[in-house]
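Worksheet: one structure, shown below.
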Amino acid sequence: MTVAQTQSESIELERRIELDVGPVAHGGHCVCRHEGRVVFVRHAIPGERVKVALTEAEEGARFWRGDAVEIIRPSEFRRIHQWKLADVQRAHNSGRMPVGGAEFGHIVVPHQRRLKAQVYRDTVARIAGLTVEPEVETAGDDEPTGQRWRTRNAFAVTPSGHIAMHAHRSSTLVPVRNMPLGVPELDALALWDWDFTGVERVDVATPGHGGQPLVLVTPTPQTRTDTSRLSRLRTRVRQAARTAQTELSTAFVFPGKKPTSPVTYERITGRTWVEEVVASQRGGERRFRVTGDGFWQVHREAAATLVDAVLEDAAAEPGQVVADLYAGAGLFTAYLADAVGRDGTVLSVEASPQASRDALRNLHEMPQAHVLNGPTDKVLGSWLATPETPIADGGVAGASLDTVVLDPPRAGAGRKAVERILALAPETIVYVSCDPASFARDLAWLTAGGYRLDRARVIDLYPDTHHLESVTVLRRG
Ligand SMILES: C[S@@+](CC[C@H](N)C(=O)[O-])C[C@H]1O[C@@H](n2cnc3c(N)ncnc32)[C@H](O)[C@@H]1O
């Protein structure tokens with residue numbers, strides 16, 4: 001691990017070449033060409049001419065990578081990056097590396113959205129062979145600056161106990177004293193002034209609409225095995241929490257034996273969960289409990305925005321049977337359960353035991369919502385193998401599905417899950433995705449299996465970054 005303490009620690013300035021900037025691709029870099037070779041360039045805008053510092057440029061390599069560090073002919077959509085530490089030009093000029101995580105911060109927000117729509121369109125065309133022009137939407141009345149939206153933030157920690165972020169594609173740590181994409185409630189915690197000596201990482205959940213934030217502290221392996229160090233850290237965290245400007249919860253996180261094992265939490269102050277309030281225009285207000293670093297939509301308006309999109313696209317009616325796959329703490333399930341009413345059924349499938357426990361709490365007043373803990377492909381496999389199993393026992397009681405809503409992680413649903421969705425043959429599929437490439441792969445299988453694309457929207461839930469969310473509706477036949 002390297003720690004960039006001062007600007008005097010210079011990064012090696014690599015070879016520079018001048019390039020015309022081509023289209024932006026999935027991942028946020030622009031595709032350029034140099035002497036017949038593709039160069040993936042970050043921090044540029046299509047149409048610009050830029051000087052690129054090559055960051056990966058092996059002679060025999062099929063493609064190179066680089067950062068646009070000097071703009072020769074700027075795009076009309078360029079602006080000054082609002083986050084100094086993430087601005088590649090300022091970083092290179094002062095001989096340090098930029099932090100990752102705001103790689104579209106140099107582009108005006110409306111153009112960021114056009115580029116994201118283009119990435120969705122191009123990826124779907126290239127991988128699924130479909131021509132589609134997505135509608136583009138925003139999350140609520142979000143900040144036109146593209147900042148102050150992240151309710152979930154993760155930080156590394158320097159050996160001297162300061163929170164830090166990683167430089168892009170690097171183990172170099174850059175200490176931070178602000179996080180411009182974070183909600184203002186994050187600043188109020190002033191975590192930059194805490195002493196996190198002996199800590200590996202810090203995760204912060206700041207609920208989108210009020211409520212007590214939760215600071216999760218993962219001690220280093222050395223601290224974890226040394227009871228007196230752990231106890232000193234506990235005292236320091238408790239002290240910092242008590243003197244903070246806002247009331248907050250703090251907890252230790254102890255990783256499991258294997259990277260896939262569940263973590264355990266030790267409460268230090270307050271509680272080990274946060275309450276999220278969702279105000280959906282279509283479905284009204286609901287509250288959700290989310291434990292520890294369990295999944296929750298990151299943009300403060302994302303949950304309500306996605307619920308509105310899913311409710312509109314699923315158009316679930318009383319008495320229908322709906323499956324909510326990759327359901328997390330039950331966000332969509334709760335609203336879909338309202339839509340199908342007590343005569344209907346929502347099957348809420350989620351692999352994480354902790355998220356399923358949260359879902360059980362969040363849905364306990366809705367007998368039509370059934371929480372099934374397990375990997376989607378296995379659960380769907382059991383529905384297909386024994387279709388008559390009663391719903392109370394995790395089955396579908398012979399019912400056919402009207403609608404499947406799926407919101408998988410970045411890797412997408414994958415072949416097995418898609419094949420099983422096809423075998424279950426719902427009328428409508430609403431696919432919520434945060435990764436256009438895995439989505440386009442799954443989409444190709446779904447359309448080959450008899451579904452047609454009915455509606456596509458790109459929702460900008462991650463301003464100033466290259467990430468995009470899409471909601472796509474498919475109908476059978
Ligand atoms: C993008 S999140 C969506 C959660 C929920 N729809 C929401 O908006 O809050 C994806 C969820 O899928 C879960 N997950 C990951 N792999 C899974 C699998 N194979 N089967 C079921 N759930 C899975 C994760 O634990 C996570 O809760």
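Chain lettering (A, B, ...) mirrors the order of the structure tokens, residue numbering begins at 1 for each chain separately, and ligand numbering begins at 1 in order of display.
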
Margin query: as a PyMOL selection string, please: every protein or nucleic acid residue near ligand 1 (cut-off 7 Å, counting only C-alpha atoms and all ligand atoms).
Written below: chain A and resi 295-297+303+325-332+349-352+355+374-377+407-409

Next item on the list: Tell me, as a list in words, which residues lie within 8 Å of Ala188 in chain A, counting only C-alpha atoms; anything in the same chain fewer than 4 positions away does not count.
Entry: Pro184, Gln245 and Thr246 of chain A

Emit the selected residues as an mmCIF file, in the first residue's frame, including N, CA and C atoms.
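Final output, part39.cif:
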```
data_model
loop_
_atom_site.group_PDB
_atom_site.id
_atom_site.type_symbol
_atom_site.label_atom_id
_atom_site.label_comp_id
_atom_site.auth_asym_id
_atom_site.auth_seq_id
_atom_site.Cartn_x
_atom_site.Cartn_y
_atom_site.Cartn_z
ATOM 1 N N PRO A 184 -25.131 15.870 2.455
ATOM 2 C CA PRO A 184 -24.564 16.805 3.441
ATOM 3 C C PRO A 184 -24.456 16.205 4.840
ATOM 4 N N GLN A 245 -21.566 16.102 16.150
ATOM 5 C CA GLN A 245 -22.654 17.099 16.085
ATOM 6 C C GLN A 245 -24.029 16.445 15.997
ATOM 7 N N THR A 246 -24.093 15.276 15.378
ATOM 8 C CA THR A 246 -25.373 14.581 15.188
ATOM 9 C C THR A 246 -25.388 13.297 16.002
#
```

Margin query: Could you list, as number ranges by chain, every residue within 6 Å of range 271-274 of chain A, counting only C-alpha atoms and ignoring same-chain residues fewer than 3 positions away?
Written below: A: 249, 267, 289-292

Next item on the list: Find the distance between CA of Glu276 in chain A and CA of Pro207 in chain A and write it in Å to one decimal.
Entry: 5.5 Å

Next item on the list: With a distance cut-off of 7 Å and only C-alpha atoms, select the neighbouring residues of range 422-426 of chain A, excluding the residue or stretch itself and same-chain residues fewer than 2 positions from it, and output the selection as a PyMOL selection string.
Entry: chain A and resi 401-404+418-420+428-429+449

Output file for the residues above (N, CA and C atoms, as a short mmCIF file (atom, residue, chain, number, x, y, z; two decimals), in the first residue's frame):
```cif
data_model
loop_
_atom_site.label_atom_id
_atom_site.label_comp_id
_atom_site.auth_asym_id
_atom_site.auth_seq_id
_atom_site.Cartn_x
_atom_site.Cartn_y
_atom_site.Cartn_z
N LEU A 401 -46.80 -17.22 -13.07
CA LEU A 401 -46.38 -15.87 -12.72
C LEU A 401 -46.91 -14.87 -13.75
N ASP A 402 -47.50 -13.78 -13.27
CA ASP A 402 -47.90 -12.71 -14.20
C ASP A 402 -46.69 -11.86 -14.57
N THR A 403 -45.91 -11.52 -13.56
CA THR A 403 -44.78 -10.60 -13.79
C THR A 403 -43.57 -11.03 -12.99
N VAL A 404 -42.40 -10.90 -13.61
CA VAL A 404 -41.14 -11.05 -12.88
C VAL A 404 -40.42 -9.70 -12.90
N VAL A 418 -31.78 -16.93 -16.16
CA VAL A 418 -32.57 -16.48 -17.32
C VAL A 418 -33.34 -17.67 -17.91
N GLU A 419 -32.69 -18.81 -18.03
CA GLU A 419 -33.38 -19.99 -18.60
C GLU A 419 -34.59 -20.34 -17.74
N ARG A 420 -34.43 -20.20 -16.43
CA ARG A 420 -35.54 -20.58 -15.54
C ARG A 420 -36.66 -19.54 -15.58
N THR A 428 -44.90 -10.49 -18.28
CA THR A 428 -44.08 -9.26 -18.30
C THR A 428 -42.81 -9.49 -17.47
N ILE A 429 -41.72 -8.96 -17.97
CA ILE A 429 -40.47 -8.96 -17.19
C ILE A 429 -40.01 -7.51 -17.07
N GLY A 449 -35.48 -16.15 -26.34
CA GLY A 449 -36.46 -17.05 -25.71
C GLY A 449 -37.89 -16.61 -25.89
#
```

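Using only C-alpha atoms for every distance, the candidate list A:Val310, A:Leu189, A:Leu181, A:Ala444 yields A:Leu189 as the residue closest to Leu248 in chain A.
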
Notebook entry, point to check: So which bits of range 188-379 of chain A end up alpha helix (DSSP H) when you DSSP the backbone, as a PyMOL selection string?
Noted result: chain A and resi 188-189+221-224+227-243+302-314+331-340+353-362+376-379

Note to self: Residues near range 462-471 of chain A, anyone? I mean within 6 Å using only C-alpha atoms, not counting same-chain ones fewer than 3 positions away, as a ChimeraX atom specification.
What the structure shows: /A:28,102-105,146,431-434,456-459

Margin query: Quick check, in Å to one decimal: how far apart do CA of Gly211 in chain A and CA of Glu137 in chain A lie?
Written below: 27.3 Å

Next item on the list: Please identify all polymer residues within 10 Å of Met366 in chain A, counting only C-alpha atoms, omitting same-chain residues fewer than 3 positions from it, and present them as a PyMOL selection string.
Entry: chain A and resi 333-334+337-338+341-342+345-346+360+362-363+369-370

Expected file contents, prior selection, N, CA and C atoms, as a tab-separated table (two decimals), in the first residue's frame:
```tsv
chain	number	residue	atom	x	y	z
A	333	THR	N	-40.79	-5.34	-3.30
A	333	THR	CA	-41.80	-6.31	-2.84
A	333	THR	C	-42.93	-5.60	-2.09
A	334	ALA	N	-42.55	-4.67	-1.20
A	334	ALA	CA	-43.57	-4.02	-0.37
A	334	ALA	C	-44.58	-3.28	-1.23
A	337	ALA	N	-46.61	-5.66	-3.33
A	337	ALA	CA	-47.60	-6.36	-2.49
A	337	ALA	C	-48.83	-5.48	-2.29
A	338	ASP	N	-48.62	-4.17	-2.15
A	338	ASP	CA	-49.76	-3.25	-2.07
A	338	ASP	C	-50.57	-3.33	-3.36
A	341	GLY	N	-52.49	-6.62	-3.66
A	341	GLY	CA	-53.48	-6.73	-2.59
A	341	GLY	C	-53.44	-8.09	-1.90
A	342	ARG	N	-54.34	-8.26	-0.97
A	342	ARG	CA	-54.32	-9.49	-0.15
A	342	ARG	C	-54.72	-10.73	-0.94
A	345	THR	N	-50.15	-12.34	-4.71
A	345	THR	CA	-48.96	-12.92	-4.10
A	345	THR	C	-47.71	-12.25	-4.65
A	346	VAL	N	-46.78	-11.90	-3.77
A	346	VAL	CA	-45.45	-11.47	-4.24
A	346	VAL	C	-44.41	-12.39	-3.61
A	360	LEU	N	-38.10	-9.71	6.05
A	360	LEU	CA	-39.18	-10.29	6.88
A	360	LEU	C	-39.76	-9.24	7.82
A	362	ASN	N	-39.56	-5.90	7.33
A	362	ASN	CA	-40.17	-4.81	6.56
A	362	ASN	C	-41.53	-5.21	5.97
A	363	LEU	N	-41.75	-6.52	5.81
A	363	LEU	CA	-42.96	-6.98	5.12
A	363	LEU	C	-43.92	-7.70	6.07
A	369	ALA	N	-46.94	-11.09	0.88
A	369	ALA	CA	-45.51	-11.05	0.52
A	369	ALA	C	-44.80	-12.22	1.18
A	370	HIS	N	-44.07	-13.01	0.40
A	370	HIS	CA	-43.40	-14.20	0.92
A	370	HIS	C	-41.90	-14.09	0.68
```

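Nearest-residue note for Glu275 in chain A: choosing from A:Glu56, A:Glu70, A:Asp435, A:Asp358, the minimum distance belongs to A:Asp358, counting only C-alpha atoms.
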
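Nearest to Val307 in chain A of all the residues A:Gly398, A:Gly198, A:Gly140, A:Gly344 is A:Gly140, counting only C-alpha atoms.
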
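Nearest to Thr472 in chain A of all the residues A:Leu230, A:Val157, A:Ala25, A:Arg121 is A:Arg121, counting only C-alpha atoms.
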
Check: Which of range 107-215 of chain A counts as strand (DSSP E or B) under DSSP, as an MDAnalysis selection string please?
Finding: chainID A and resid 107 135:138 150 152:157 163:167 173:175 182 199:205 208 210 214:215

Write out the residues from the selection above, keeping N, CA and C atoms, as a compact mmCIF listing (two decimals), in the first residue's frame.
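File written: again-v6.txt
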```
# COMPACT_ATOMS: atom_id res chain seq x y z
N ILE A 107 -17.90 16.87 -16.90
CA ILE A 107 -18.92 16.99 -17.96
C ILE A 107 -20.19 17.59 -17.37
N GLU A 135 -35.51 6.13 -22.99
CA GLU A 135 -35.91 7.41 -22.39
C GLU A 135 -34.87 7.71 -21.30
N VAL A 136 -34.63 8.99 -21.05
CA VAL A 136 -33.64 9.34 -20.01
C VAL A 136 -34.36 10.06 -18.88
N GLU A 137 -34.13 9.58 -17.66
CA GLU A 137 -34.80 10.19 -16.51
C GLU A 137 -33.79 10.50 -15.41
N THR A 138 -34.21 11.34 -14.48
CA THR A 138 -33.32 11.69 -13.37
C THR A 138 -33.94 11.18 -12.07
N ARG A 150 -24.91 10.72 -2.57
CA ARG A 150 -24.54 9.38 -2.10
C ARG A 150 -24.91 9.19 -0.63
N ARG A 152 -24.52 6.13 0.73
CA ARG A 152 -23.63 5.05 1.20
C ARG A 152 -22.22 5.40 0.74
N ASN A 153 -21.28 5.44 1.66
CA ASN A 153 -19.90 5.80 1.32
C ASN A 153 -18.94 4.88 2.05
N ALA A 154 -17.92 4.46 1.34
CA ALA A 154 -16.92 3.56 1.93
C ALA A 154 -15.56 4.24 1.85
N PHE A 155 -14.79 4.13 2.91
CA PHE A 155 -13.47 4.74 2.94
C PHE A 155 -12.43 3.72 3.36
N ALA A 156 -11.24 3.86 2.79
CA ALA A 156 -10.09 3.12 3.29
C ALA A 156 -9.50 3.94 4.44
N VAL A 157 -8.47 3.42 5.09
CA VAL A 157 -7.87 4.14 6.22
C VAL A 157 -6.35 4.10 6.06
N ILE A 163 -9.21 8.72 7.25
CA ILE A 163 -9.97 8.10 6.17
C ILE A 163 -9.41 8.59 4.83
N ALA A 164 -9.50 7.70 3.86
CA ALA A 164 -8.85 7.95 2.57
C ALA A 164 -9.64 7.27 1.47
N MET A 165 -9.30 7.62 0.24
CA MET A 165 -9.88 6.92 -0.92
C MET A 165 -8.74 6.40 -1.78
N HIS A 166 -9.06 5.42 -2.59
CA HIS A 166 -8.04 4.87 -3.49
C HIS A 166 -7.94 5.71 -4.75
N ALA A 167 -6.71 5.91 -5.21
CA ALA A 167 -6.53 6.48 -6.54
C ALA A 167 -7.05 5.45 -7.54
N LEU A 173 -3.34 5.30 -1.47
CA LEU A 173 -4.40 5.92 -0.67
C LEU A 173 -4.24 7.43 -0.64
N VAL A 174 -5.35 8.12 -0.86
CA VAL A 174 -5.33 9.58 -0.82
C VAL A 174 -6.22 10.01 0.35
N PRO A 175 -5.63 10.60 1.41
CA PRO A 175 -6.48 11.04 2.53
C PRO A 175 -7.51 12.08 2.06
N GLY A 182 -21.16 12.84 -1.50
CA GLY A 182 -21.92 12.38 -0.33
C GLY A 182 -23.00 13.38 0.06
N VAL A 199 -7.76 0.51 12.01
CA VAL A 199 -8.99 0.21 11.27
C VAL A 199 -8.64 -0.04 9.80
N GLU A 200 -9.35 -1.01 9.20
CA GLU A 200 -9.10 -1.37 7.80
C GLU A 200 -9.97 -0.54 6.86
N ARG A 201 -11.26 -0.43 7.20
CA ARG A 201 -12.16 0.37 6.36
C ARG A 201 -13.31 0.92 7.19
N VAL A 202 -13.92 1.97 6.65
CA VAL A 202 -15.04 2.61 7.33
C VAL A 202 -16.17 2.72 6.31
N ASP A 203 -17.34 2.21 6.65
CA ASP A 203 -18.51 2.31 5.78
C ASP A 203 -19.54 3.16 6.49
N VAL A 204 -20.18 4.06 5.74
CA VAL A 204 -21.13 4.96 6.38
C VAL A 204 -22.47 4.88 5.64
N ALA A 205 -23.53 4.66 6.40
CA ALA A 205 -24.89 4.70 5.84
C ALA A 205 -25.57 5.92 6.43
N GLY A 208 -31.37 8.46 3.50
CA GLY A 208 -31.68 9.47 2.49
C GLY A 208 -32.57 10.59 2.98
N GLY A 210 -33.40 11.77 6.52
CA GLY A 210 -33.38 11.90 7.97
C GLY A 210 -33.10 10.57 8.65
N LEU A 214 -25.26 5.55 10.43
CA LEU A 214 -24.55 4.41 11.02
C LEU A 214 -23.13 4.37 10.46
N VAL A 215 -22.14 4.42 11.37
CA VAL A 215 -20.74 4.33 10.96
C VAL A 215 -20.24 2.93 11.30
```

Note to self: Env of range 279-286 of chain A: 7 Å cut, atoms = only C-alpha atoms, seq-sep filter 4 positions within chain, self excluded. Answer as number ranges by chain.
What the structure shows: A: 304, 307-308, 335

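Candidate residues A:Glu48, A:Glu76, A:Asp324, A:Asp460 were compared for distance to Asp20 in chain A, and the nearest is A:Glu48, using only C-alpha atoms.
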
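Compared by their closest atoms to Met179 in chain A, and using only C-alpha atoms, the residues A:Arg15, A:Arg148, A:His43, A:Arg73 rank with A:Arg148 nearest.
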